[in-house]
file run-v5.txt (compact mmCIF, N, CA, C and O atoms)
# COMPACT_ATOMS: atom_id res chain seq x y z
N LEU T 3 3.01 5.12 -27.51
CA LEU T 3 3.22 6.36 -26.79
C LEU T 3 4.09 6.07 -25.59
O LEU T 3 3.83 5.14 -24.83
N HIS T 4 5.12 6.87 -25.42
CA HIS T 4 6.04 6.71 -24.30
C HIS T 4 5.89 7.91 -23.38
O HIS T 4 6.03 9.04 -23.82
N THR T 5 5.57 7.69 -22.14
CA THR T 5 5.41 8.77 -21.19
C THR T 5 6.72 8.98 -20.45
O THR T 5 7.29 8.04 -19.91
N ALA T 6 7.19 10.20 -20.43
CA ALA T 6 8.42 10.53 -19.71
C ALA T 6 8.06 10.95 -18.28
O ALA T 6 7.12 11.70 -18.07
N TYR T 7 8.80 10.46 -17.35
CA TYR T 7 8.60 10.86 -15.96
C TYR T 7 9.93 10.75 -15.24
O TYR T 7 10.85 10.11 -15.69
N ARG T 8 10.00 11.41 -14.12
CA ARG T 8 11.21 11.39 -13.32
C ARG T 8 10.86 10.92 -11.93
O ARG T 8 9.86 11.34 -11.35
N ARG T 9 11.68 10.03 -11.40
CA ARG T 9 11.49 9.53 -10.05
C ARG T 9 12.62 10.07 -9.18
O ARG T 9 13.77 10.02 -9.58
N GLN T 10 12.28 10.55 -8.03
CA GLN T 10 13.30 11.02 -7.11
C GLN T 10 12.94 10.48 -5.73
O GLN T 10 11.82 10.65 -5.26
N ARG T 11 13.90 9.82 -5.10
CA ARG T 11 13.68 9.24 -3.80
C ARG T 11 14.87 9.49 -2.90
O ARG T 11 15.99 9.48 -3.36
N GLN T 12 14.60 9.64 -1.65
CA GLN T 12 15.64 9.62 -0.63
C GLN T 12 15.19 8.59 0.37
O GLN T 12 13.99 8.46 0.66
N MET T 13 16.13 7.82 0.87
CA MET T 13 15.74 6.77 1.78
C MET T 13 16.77 6.59 2.87
O MET T 13 17.90 7.07 2.76
N CYS T 14 16.37 5.92 3.92
CA CYS T 14 17.28 5.56 4.99
C CYS T 14 17.07 4.08 5.30
O CYS T 14 16.05 3.50 4.93
N ILE T 15 18.05 3.47 5.94
CA ILE T 15 17.94 2.07 6.29
C ILE T 15 17.88 1.92 7.80
O ILE T 15 18.30 2.81 8.54
N ARG T 16 17.34 0.79 8.25
CA ARG T 16 17.21 0.51 9.69
C ARG T 16 17.86 -0.83 9.98
O ARG T 16 17.72 -1.79 9.24
N ASP T 17 18.58 -0.86 11.09
CA ASP T 17 19.14 -2.13 11.56
C ASP T 17 19.13 -2.13 13.08
O ASP T 17 19.04 -1.08 13.71
N ARG T 18 19.22 -3.32 13.67
CA ARG T 18 19.23 -3.44 15.12
C ARG T 18 20.54 -4.02 15.63
O ARG T 18 20.63 -4.45 16.75
N TYR T 19 21.52 -4.02 14.79
CA TYR T 19 22.79 -4.61 15.15
C TYR T 19 23.76 -3.50 15.55
O TYR T 19 23.35 -2.38 15.83
N ASP T 20 25.02 -3.80 15.56
CA ASP T 20 26.01 -2.79 15.90
C ASP T 20 26.32 -1.93 14.67
O ASP T 20 25.66 -2.03 13.65
N GLU T 21 27.31 -1.10 14.79
CA GLU T 21 27.65 -0.18 13.71
C GLU T 21 28.21 -0.88 12.48
O GLU T 21 28.38 -0.25 11.43
N THR T 22 28.48 -2.16 12.57
CA THR T 22 29.05 -2.90 11.45
C THR T 22 28.16 -2.82 10.22
O THR T 22 28.67 -2.67 9.09
N VAL T 23 26.86 -2.91 10.39
CA VAL T 23 25.95 -2.86 9.23
C VAL T 23 26.07 -1.52 8.52
O VAL T 23 26.22 -1.47 7.30
N ILE T 24 26.03 -0.44 9.27
CA ILE T 24 26.15 0.90 8.69
C ILE T 24 27.51 1.07 8.03
O ILE T 24 27.62 1.62 6.94
N GLU T 25 28.56 0.59 8.70
CA GLU T 25 29.90 0.67 8.11
C GLU T 25 29.96 -0.10 6.79
O GLU T 25 30.56 0.37 5.82
N ASN T 26 29.35 -1.27 6.74
CA ASN T 26 29.34 -2.06 5.51
C ASN T 26 28.55 -1.37 4.41
O ASN T 26 28.94 -1.41 3.24
N VAL T 27 27.44 -0.75 4.78
CA VAL T 27 26.65 -0.01 3.79
C VAL T 27 27.47 1.14 3.23
O VAL T 27 27.51 1.36 2.01
N GLU T 28 28.14 1.87 4.10
CA GLU T 28 28.96 2.99 3.63
C GLU T 28 30.14 2.49 2.79
O GLU T 28 30.47 3.08 1.76
N LYS T 29 30.75 1.41 3.22
CA LYS T 29 31.91 0.84 2.52
C LYS T 29 31.56 0.41 1.10
O LYS T 29 32.35 0.57 0.18
N HIS T 30 30.37 -0.14 0.93
CA HIS T 30 29.95 -0.68 -0.37
C HIS T 30 28.85 0.16 -1.02
O HIS T 30 28.03 -0.34 -1.78
N GLN T 31 28.88 1.45 -0.73
CA GLN T 31 27.84 2.36 -1.17
C GLN T 31 27.59 2.31 -2.68
O GLN T 31 26.45 2.26 -3.13
N MET T 32 28.64 2.29 -3.47
CA MET T 32 28.46 2.31 -4.93
C MET T 32 27.80 1.02 -5.42
O MET T 32 26.88 1.06 -6.24
N ALA T 33 28.23 -0.12 -4.91
CA ALA T 33 27.64 -1.40 -5.31
C ALA T 33 26.18 -1.46 -4.88
O ALA T 33 25.32 -1.96 -5.62
N LEU T 34 25.89 -0.95 -3.69
CA LEU T 34 24.51 -0.99 -3.18
C LEU T 34 23.62 -0.03 -3.97
O LEU T 34 22.45 -0.36 -4.24
N ARG T 35 24.14 1.11 -4.36
CA ARG T 35 23.35 2.03 -5.19
C ARG T 35 22.98 1.36 -6.51
O ARG T 35 21.86 1.52 -6.99
N SER T 36 23.92 0.63 -7.08
CA SER T 36 23.64 -0.08 -8.31
C SER T 36 22.52 -1.10 -8.12
O SER T 36 21.62 -1.22 -8.96
N GLU T 37 22.56 -1.81 -7.01
CA GLU T 37 21.50 -2.78 -6.70
C GLU T 37 20.16 -2.07 -6.55
O GLU T 37 19.14 -2.54 -7.07
N VAL T 38 20.15 -0.96 -5.85
CA VAL T 38 18.91 -0.20 -5.62
C VAL T 38 18.35 0.28 -6.96
O VAL T 38 17.15 0.14 -7.23
N LEU T 39 19.20 0.83 -7.81
CA LEU T 39 18.73 1.29 -9.11
C LEU T 39 18.19 0.15 -9.96
O LEU T 39 17.21 0.32 -10.68
N GLY T 40 18.82 -1.01 -9.84
CA GLY T 40 18.33 -2.18 -10.56
C GLY T 40 16.93 -2.58 -10.12
O GLY T 40 16.07 -2.90 -10.95
N VAL T 41 16.69 -2.53 -8.83
CA VAL T 41 15.36 -2.85 -8.29
C VAL T 41 14.35 -1.81 -8.74
O VAL T 41 13.26 -2.14 -9.21
N ILE T 42 14.70 -0.55 -8.60
CA ILE T 42 13.78 0.53 -8.97
C ILE T 42 13.38 0.42 -10.44
O ILE T 42 12.23 0.64 -10.80
N GLY T 43 14.33 0.03 -11.26
CA GLY T 43 14.06 -0.10 -12.69
C GLY T 43 13.05 -1.17 -13.04
O GLY T 43 12.51 -1.18 -14.14
N THR T 44 12.78 -2.09 -12.12
CA THR T 44 11.80 -3.15 -12.39
C THR T 44 10.38 -2.73 -12.02
O THR T 44 9.44 -3.47 -12.28
N TYR T 45 10.23 -1.56 -11.41
CA TYR T 45 8.91 -1.08 -10.99
C TYR T 45 8.43 0.02 -11.93
O TYR T 45 9.18 0.92 -12.27
N SER T 46 7.17 -0.05 -12.31
CA SER T 46 6.56 1.02 -13.11
C SER T 46 5.95 2.06 -12.16
O SER T 46 5.84 1.83 -10.96
N VAL T 47 5.56 3.18 -12.73
CA VAL T 47 4.90 4.21 -11.93
C VAL T 47 3.64 3.64 -11.29
O VAL T 47 3.35 3.91 -10.12
N ASP T 48 2.89 2.85 -12.03
CA ASP T 48 1.67 2.25 -11.48
C ASP T 48 1.98 1.31 -10.32
O ASP T 48 1.21 1.21 -9.38
N ASP T 49 3.12 0.60 -10.41
CA ASP T 49 3.51 -0.34 -9.35
C ASP T 49 3.76 0.36 -8.02
O ASP T 49 3.55 -0.23 -6.96
N ILE T 50 4.24 1.59 -8.06
CA ILE T 50 4.62 2.28 -6.82
C ILE T 50 3.63 3.38 -6.44
O ILE T 50 3.90 4.20 -5.57
N ASP T 51 2.47 3.36 -7.08
CA ASP T 51 1.43 4.32 -6.75
C ASP T 51 0.72 3.85 -5.48
O ASP T 51 0.16 2.78 -5.43
N GLY T 52 0.80 4.63 -4.43
CA GLY T 52 0.14 4.29 -3.18
C GLY T 52 1.07 3.63 -2.18
O GLY T 52 2.19 3.22 -2.49
N LYS T 53 0.59 3.54 -0.97
CA LYS T 53 1.40 3.02 0.14
C LYS T 53 1.81 1.57 -0.06
O LYS T 53 2.97 1.21 0.17
N ILE T 54 0.92 0.74 -0.52
CA ILE T 54 1.26 -0.69 -0.71
C ILE T 54 2.37 -0.83 -1.74
O ILE T 54 3.32 -1.59 -1.54
N GLY T 55 2.28 -0.10 -2.83
CA GLY T 55 3.31 -0.16 -3.86
C GLY T 55 4.66 0.32 -3.35
O GLY T 55 5.70 -0.31 -3.62
N ARG T 56 4.67 1.40 -2.58
CA ARG T 56 5.93 1.91 -2.02
C ARG T 56 6.48 0.95 -0.97
O ARG T 56 7.69 0.75 -0.88
N ASP T 57 5.61 0.33 -0.19
CA ASP T 57 6.06 -0.68 0.78
C ASP T 57 6.69 -1.88 0.06
O ASP T 57 7.72 -2.40 0.50
N ASN T 58 6.08 -2.30 -1.03
CA ASN T 58 6.64 -3.41 -1.82
C ASN T 58 8.01 -3.04 -2.37
O ASN T 58 8.95 -3.85 -2.34
N LEU T 59 8.14 -1.81 -2.87
CA LEU T 59 9.43 -1.35 -3.38
C LEU T 59 10.46 -1.32 -2.27
O LEU T 59 11.59 -1.79 -2.45
N ALA T 60 10.10 -0.79 -1.11
CA ALA T 60 11.04 -0.72 0.02
C ALA T 60 11.50 -2.12 0.42
O ALA T 60 12.70 -2.34 0.69
N ASN T 61 10.59 -3.08 0.46
CA ASN T 61 10.97 -4.45 0.83
C ASN T 61 11.87 -5.08 -0.23
O ASN T 61 12.82 -5.80 0.12
N SER T 62 11.61 -4.81 -1.49
CA SER T 62 12.47 -5.33 -2.55
C SER T 62 13.87 -4.73 -2.47
O SER T 62 14.87 -5.43 -2.66
N ILE T 63 13.95 -3.44 -2.17
CA ILE T 63 15.25 -2.78 -2.02
C ILE T 63 15.99 -3.37 -0.83
O ILE T 63 17.19 -3.66 -0.90
N LYS T 64 15.29 -3.55 0.28
CA LYS T 64 15.90 -4.14 1.48
C LYS T 64 16.48 -5.52 1.17
O LYS T 64 17.63 -5.83 1.51
N ASP T 65 15.69 -6.33 0.49
CA ASP T 65 16.15 -7.68 0.14
C ASP T 65 17.39 -7.64 -0.75
O ASP T 65 18.34 -8.39 -0.55
N ALA T 66 17.38 -6.74 -1.74
CA ALA T 66 18.52 -6.63 -2.66
C ALA T 66 19.78 -6.16 -1.93
O ALA T 66 20.88 -6.67 -2.18
N ILE T 67 19.63 -5.21 -1.02
CA ILE T 67 20.78 -4.73 -0.24
C ILE T 67 21.33 -5.86 0.61
O ILE T 67 22.55 -6.06 0.67
N ASN T 68 20.45 -6.61 1.26
CA ASN T 68 20.92 -7.70 2.12
C ASN T 68 21.61 -8.80 1.32
O ASN T 68 22.62 -9.34 1.77
N VAL T 69 21.10 -9.13 0.15
CA VAL T 69 21.74 -10.14 -0.69
C VAL T 69 23.14 -9.68 -1.08
O VAL T 69 24.11 -10.44 -1.00
N LYS T 70 23.26 -8.41 -1.48
CA LYS T 70 24.57 -7.90 -1.89
C LYS T 70 25.53 -7.84 -0.70
O LYS T 70 26.71 -8.22 -0.83
N LEU T 71 25.06 -7.38 0.45
CA LEU T 71 25.92 -7.34 1.64
C LEU T 71 26.33 -8.74 2.07
O LEU T 71 27.47 -8.96 2.50
N LEU T 72 25.42 -9.68 1.97
CA LEU T 72 25.75 -11.07 2.29
C LEU T 72 26.86 -11.57 1.38
O LEU T 72 27.80 -12.22 1.84
N ASP T 73 26.76 -11.24 0.11
CA ASP T 73 27.78 -11.63 -0.86
C ASP T 73 29.14 -10.97 -0.56
O ASP T 73 30.18 -11.61 -0.63
N LEU T 74 29.10 -9.68 -0.19
CA LEU T 74 30.33 -8.93 0.00
C LEU T 74 30.95 -9.09 1.39
O LEU T 74 32.17 -9.07 1.54
N GLU T 75 30.11 -9.23 2.42
CA GLU T 75 30.59 -9.22 3.80
C GLU T 75 30.19 -10.45 4.60
O GLU T 75 30.59 -10.58 5.75
N GLY T 76 29.35 -11.31 4.04
CA GLY T 76 28.91 -12.48 4.76
C GLY T 76 27.77 -12.22 5.73
O GLY T 76 27.35 -13.10 6.47
N PHE T 77 27.22 -11.00 5.72
CA PHE T 77 26.13 -10.64 6.62
C PHE T 77 25.39 -9.44 6.05
O PHE T 77 26.01 -8.48 5.61
N GLY T 78 24.05 -9.52 6.04
CA GLY T 78 23.23 -8.41 5.55
C GLY T 78 22.94 -7.44 6.67
O GLY T 78 23.61 -6.45 6.87
N GLY T 79 21.91 -7.75 7.45
CA GLY T 79 21.59 -6.98 8.64
C GLY T 79 20.65 -5.80 8.47
O GLY T 79 20.24 -5.21 9.46
N VAL T 80 20.29 -5.44 7.25
CA VAL T 80 19.36 -4.33 7.05
C VAL T 80 17.95 -4.85 7.31
O VAL T 80 17.50 -5.79 6.68
N GLU T 81 17.27 -4.23 8.26
CA GLU T 81 15.93 -4.67 8.65
C GLU T 81 14.82 -3.90 7.96
O GLU T 81 13.69 -4.35 7.93
N GLY T 82 15.14 -2.74 7.45
CA GLY T 82 14.10 -1.96 6.80
C GLY T 82 14.67 -0.85 5.96
O GLY T 82 15.78 -0.38 6.19
N VAL T 83 13.90 -0.45 4.97
CA VAL T 83 14.21 0.71 4.13
C VAL T 83 13.02 1.64 4.25
O VAL T 83 11.87 1.21 4.12
N HIS T 84 13.30 2.90 4.52
CA HIS T 84 12.24 3.90 4.68
C HIS T 84 12.51 5.06 3.75
O HIS T 84 13.63 5.55 3.68
N PHE T 85 11.48 5.50 3.03
CA PHE T 85 11.62 6.63 2.14
C PHE T 85 11.40 7.91 2.95
O PHE T 85 10.38 8.06 3.62
N THR T 86 12.36 8.80 2.89
CA THR T 86 12.22 10.10 3.56
C THR T 86 11.70 11.15 2.59
O THR T 86 11.28 12.22 3.00
N SER T 87 11.74 10.82 1.31
CA SER T 87 11.21 11.67 0.26
C SER T 87 10.87 10.77 -0.92
O SER T 87 11.60 9.83 -1.21
N PHE T 88 9.76 11.07 -1.58
CA PHE T 88 9.35 10.24 -2.71
C PHE T 88 8.57 11.12 -3.68
O PHE T 88 7.47 11.56 -3.38
N VAL T 89 9.16 11.40 -4.83
CA VAL T 89 8.54 12.31 -5.80
C VAL T 89 8.49 11.62 -7.16
O VAL T 89 9.48 11.08 -7.64
N LEU T 90 7.33 11.66 -7.79
CA LEU T 90 7.16 11.21 -9.18
C LEU T 90 6.74 12.42 -9.99
O LEU T 90 5.80 13.12 -9.62
N GLN T 91 7.44 12.67 -11.07
CA GLN T 91 7.07 13.81 -11.93
C GLN T 91 6.90 13.33 -13.34
O GLN T 91 7.57 12.46 -13.80

call {"tool": "encode", "arguments": {"input": "run-v5.txt", "output": "structure tokens"}}
result
Amino acid sequence: LHTAYRRQRQMCIRDRYDETVIENVEKHQMALRSEVLGVIGTYSVDDIDGKIGRDNLANSIKDAINVKLLDLEGFGGVEGVHFTSFVLQ
């Protein structure tokens, strides 16, 4: 049995550096979206049920963004990912 569901999230990132981090995120938005989708695809609905699961997902996304930014720009700088909306249907 395969259960169909839809995940919808909106998120923001946090950094304590200058505008360079935000500029790099905007500059590489498509590559970073791909990284985020790759991370999300590794989590099941059960994995992200509850605060601990969503916190784990946010940390995994943060790590993936920083790795990609480090590869592309030589510096990550994202300190946190926060979900502003999180819907499972």

call {"tool": "residues_around", "arguments": {"input": "run-v5.txt", "residues": "T:His84", "least_positions_apart": "5", "cutoff": "12 Å", "atoms": "only C-alpha atoms", "output": "list in words"}}
result
Arg11, Gln12, Met13, Cys14, Ile15, Arg16, Asp17, Lys53, Arg56, Asp57, Asn58, Leu59, Ala60, Asn61, Ser62, Ile63 and Lys64 of chain T

call {"tool": "write_last_selection", "arguments": {"input": "run-v5.txt", "atoms": "N, CA, C and O atoms", "output": "PDB file, in the frame of the given file"}}
result
ATOM      1  N   ARG T  11      13.900   9.820  -5.100  1.00  0.00           N
ATOM      2  CA  ARG T  11      13.680   9.240  -3.800  1.00  0.00           C
ATOM      3  C   ARG T  11      14.870   9.490  -2.900  1.00  0.00           C
ATOM      4  O   ARG T  11      15.990   9.480  -3.360  1.00  0.00           O
ATOM      5  N   GLN T  12      14.600   9.640  -1.650  1.00  0.00           N
ATOM      6  CA  GLN T  12      15.640   9.620  -0.630  1.00  0.00           C
ATOM      7  C   GLN T  12      15.190   8.590   0.370  1.00  0.00           C
ATOM      8  O   GLN T  12      13.990   8.460   0.660  1.00  0.00           O
ATOM      9  N   MET T  13      16.130   7.820   0.870  1.00  0.00           N
ATOM     10  CA  MET T  13      15.740   6.770   1.780  1.00  0.00           C
ATOM     11  C   MET T  13      16.770   6.590   2.870  1.00  0.00           C
ATOM     12  O   MET T  13      17.900   7.070   2.760  1.00  0.00           O
ATOM     13  N   CYS T  14      16.370   5.920   3.920  1.00  0.00           N
ATOM     14  CA  CYS T  14      17.280   5.560   4.990  1.00  0.00           C
ATOM     15  C   CYS T  14      17.070   4.080   5.300  1.00  0.00           C
ATOM     16  O   CYS T  14      16.050   3.500   4.930  1.00  0.00           O
ATOM     17  N   ILE T  15      18.050   3.470   5.940  1.00  0.00           N
ATOM     18  CA  ILE T  15      17.940   2.070   6.290  1.00  0.00           C
ATOM     19  C   ILE T  15      17.880   1.920   7.800  1.00  0.00           C
ATOM     20  O   ILE T  15      18.300   2.810   8.540  1.00  0.00           O
ATOM     21  N   ARG T  16      17.340   0.790   8.250  1.00  0.00           N
ATOM     22  CA  ARG T  16      17.210   0.510   9.690  1.00  0.00           C
ATOM     23  C   ARG T  16      17.860  -0.830   9.980  1.00  0.00           C
ATOM     24  O   ARG T  16      17.720  -1.790   9.240  1.00  0.00           O
ATOM     25  N   ASP T  17      18.580  -0.860  11.090  1.00  0.00           N
ATOM     26  CA  ASP T  17      19.140  -2.130  11.560  1.00  0.00           C
ATOM     27  C   ASP T  17      19.130  -2.130  13.080  1.00  0.00           C
ATOM     28  O   ASP T  17      19.040  -1.080  13.710  1.00  0.00           O
ATOM     29  N   LYS T  53       0.590   3.540  -0.970  1.00  0.00           N
ATOM     30  CA  LYS T  53       1.400   3.020   0.140  1.00  0.00           C
ATOM     31  C   LYS T  53       1.810   1.570  -0.060  1.00  0.00           C
ATOM     32  O   LYS T  53       2.970   1.210   0.170  1.00  0.00           O
ATOM     33  N   ARG T  56       4.670   1.400  -2.580  1.00  0.00           N
ATOM     34  CA  ARG T  56       5.930   1.910  -2.020  1.00  0.00           C
ATOM     35  C   ARG T  56       6.480   0.950  -0.970  1.00  0.00           C
ATOM     36  O   ARG T  56       7.690   0.750  -0.880  1.00  0.00           O
ATOM     37  N   ASP T  57       5.610   0.330  -0.190  1.00  0.00           N
ATOM     38  CA  ASP T  57       6.060  -0.680   0.780  1.00  0.00           C
ATOM     39  C   ASP T  57       6.690  -1.880   0.060  1.00  0.00           C
ATOM     40  O   ASP T  57       7.720  -2.400   0.500  1.00  0.00           O
ATOM     41  N   ASN T  58       6.080  -2.300  -1.030  1.00  0.00           N
ATOM     42  CA  ASN T  58       6.640  -3.410  -1.820  1.00  0.00           C
ATOM     43  C   ASN T  58       8.010  -3.040  -2.370  1.00  0.00           C
ATOM     44  O   ASN T  58       8.950  -3.850  -2.340  1.00  0.00           O
ATOM     45  N   LEU T  59       8.140  -1.810  -2.870  1.00  0.00           N
ATOM     46  CA  LEU T  59       9.430  -1.350  -3.380  1.00  0.00           C
ATOM     47  C   LEU T  59      10.460  -1.320  -2.270  1.00  0.00           C
ATOM     48  O   LEU T  59      11.590  -1.790  -2.450  1.00  0.00           O
ATOM     49  N   ALA T  60      10.100  -0.790  -1.110  1.00  0.00           N
ATOM     50  CA  ALA T  60      11.040  -0.720   0.020  1.00  0.00           C
ATOM     51  C   ALA T  60      11.500  -2.120   0.420  1.00  0.00           C
ATOM     52  O   ALA T  60      12.700  -2.340   0.690  1.00  0.00           O
ATOM     53  N   ASN T  61      10.590  -3.080   0.460  1.00  0.00           N
ATOM     54  CA  ASN T  61      10.970  -4.450   0.830  1.00  0.00           C
ATOM     55  C   ASN T  61      11.870  -5.080  -0.230  1.00  0.00           C
ATOM     56  O   ASN T  61      12.820  -5.800   0.120  1.00  0.00           O
ATOM     57  N   SER T  62      11.610  -4.810  -1.490  1.00  0.00           N
ATOM     58  CA  SER T  62      12.470  -5.330  -2.550  1.00  0.00           C
ATOM     59  C   SER T  62      13.870  -4.730  -2.470  1.00  0.00           C
ATOM     60  O   SER T  62      14.870  -5.430  -2.660  1.00  0.00           O
ATOM     61  N   ILE T  63      13.950  -3.440  -2.170  1.00  0.00           N
ATOM     62  CA  ILE T  63      15.250  -2.780  -2.020  1.00  0.00           C
ATOM     63  C   ILE T  63      15.990  -3.370  -0.830  1.00  0.00           C
ATOM     64  O   ILE T  63      17.190  -3.660  -0.900  1.00  0.00           O
ATOM     65  N   LYS T  64      15.290  -3.550   0.280  1.00  0.00           N
ATOM     66  CA  LYS T  64      15.900  -4.140   1.480  1.00  0.00           C
ATOM     67  C   LYS T  64      16.480  -5.520   1.170  1.00  0.00           C
ATOM     68  O   LYS T  64      17.630  -5.830   1.510  1.00  0.00           O
TER      69      LYS T  64
END

call {"tool": "atom_distance", "arguments": {"input": "run-v5.txt", "atom1": "atom CA of T:Asp20", "atom2": "atom CA of T:Phe77"}}
result
12.2 Å

call {"tool": "select_by_dssp", "arguments": {"input": "run-v5.txt", "residues": "chain T", "states": "strand (DSSP E)", "output": "PyMOL selection string"}}
result
chain T and resi 9-16+82-90

call {"tool": "residues_around", "arguments": {"input": "run-v5.txt", "residues": "T:Val23", "least_positions_apart": "2", "cutoff": "7 Å", "atoms": "only N, CA, C and O atoms", "output": "ChimeraX atom specification"}}
result
/T:19-21,25-29,77-80

call {"tool": "residues_around", "arguments": {"input": "run-v5.txt", "residues": "T:Gly40", "least_positions_apart": "2", "cutoff": "12 Å", "atoms": "only C-alpha atoms", "output": "CSV table (one decimal) with N, CA, C and O atoms, in the frame of the given file"}}
result
chain,number,residue,atom,x,y,z
T,33,ALA,N,28.2,-0.1,-4.9
T,33,ALA,CA,27.6,-1.4,-5.3
T,33,ALA,C,26.2,-1.5,-4.9
T,33,ALA,O,25.3,-2.0,-5.6
T,34,LEU,N,25.9,-1.0,-3.7
T,34,LEU,CA,24.5,-1.0,-3.2
T,34,LEU,C,23.6,0.0,-4.0
T,34,LEU,O,22.4,-0.4,-4.2
T,35,ARG,N,24.1,1.1,-4.4
T,35,ARG,CA,23.4,2.0,-5.2
T,35,ARG,C,23.0,1.4,-6.5
T,35,ARG,O,21.9,1.5,-7.0
T,36,SER,N,23.9,0.6,-7.1
T,36,SER,CA,23.6,-0.1,-8.3
T,36,SER,C,22.5,-1.1,-8.1
T,36,SER,O,21.6,-1.2,-9.0
T,37,GLU,N,22.6,-1.8,-7.0
T,37,GLU,CA,21.5,-2.8,-6.7
T,37,GLU,C,20.2,-2.1,-6.6
T,37,GLU,O,19.1,-2.5,-7.1
T,38,VAL,N,20.2,-1.0,-5.8
T,38,VAL,CA,18.9,-0.2,-5.6
T,38,VAL,C,18.4,0.3,-7.0
T,38,VAL,O,17.2,0.1,-7.2
T,42,ILE,N,14.7,-0.6,-8.6
T,42,ILE,CA,13.8,0.5,-9.0
T,42,ILE,C,13.4,0.4,-10.4
T,42,ILE,O,12.2,0.6,-10.8
T,43,GLY,N,14.3,0.0,-11.3
T,43,GLY,CA,14.1,-0.1,-12.7
T,43,GLY,C,13.0,-1.2,-13.0
T,43,GLY,O,12.5,-1.2,-14.1
T,44,THR,N,12.8,-2.1,-12.1
T,44,THR,CA,11.8,-3.2,-12.4
T,44,THR,C,10.4,-2.7,-12.0
T,44,THR,O,9.4,-3.5,-12.3
T,45,TYR,N,10.2,-1.6,-11.4
T,45,TYR,CA,8.9,-1.1,-11.0
T,45,TYR,C,8.4,0.0,-11.9
T,45,TYR,O,9.2,0.9,-12.3
T,59,LEU,N,8.1,-1.8,-2.9
T,59,LEU,CA,9.4,-1.4,-3.4
T,59,LEU,C,10.5,-1.3,-2.3
T,59,LEU,O,11.6,-1.8,-2.4
T,62,SER,N,11.6,-4.8,-1.5
T,62,SER,CA,12.5,-5.3,-2.6
T,62,SER,C,13.9,-4.7,-2.5
T,62,SER,O,14.9,-5.4,-2.7
T,63,ILE,N,14.0,-3.4,-2.2
T,63,ILE,CA,15.2,-2.8,-2.0
T,63,ILE,C,16.0,-3.4,-0.8
T,63,ILE,O,17.2,-3.7,-0.9
T,66,ALA,N,17.4,-6.7,-1.7
T,66,ALA,CA,18.5,-6.6,-2.7
T,66,ALA,C,19.8,-6.2,-1.9
T,66,ALA,O,20.9,-6.7,-2.2
T,67,ILE,N,19.6,-5.2,-1.0
T,67,ILE,CA,20.8,-4.7,-0.2
T,67,ILE,C,21.3,-5.9,0.6
T,67,ILE,O,22.6,-6.1,0.7

call {"tool": "atom_distance", "arguments": {"input": "run-v5.txt", "atom1": "atom CA of T:Thr22", "atom2": "atom CA of T:Ser87"}}
result
25.6 Å

call {"tool": "closest_residue", "arguments": {"input": "run-v5.txt", "among": "T:Ile50, T:Leu72, T:Ile24, T:Val41", "to": "T:Val89", "atoms": "only C-alpha atoms"}}
result
T:Ile50

call {"tool": "atom_distance", "arguments": {"input": "run-v5.txt", "atom1": "atom CA of T:Asp51", "atom2": "atom CA of T:Glu81"}}
result
23.0 Å
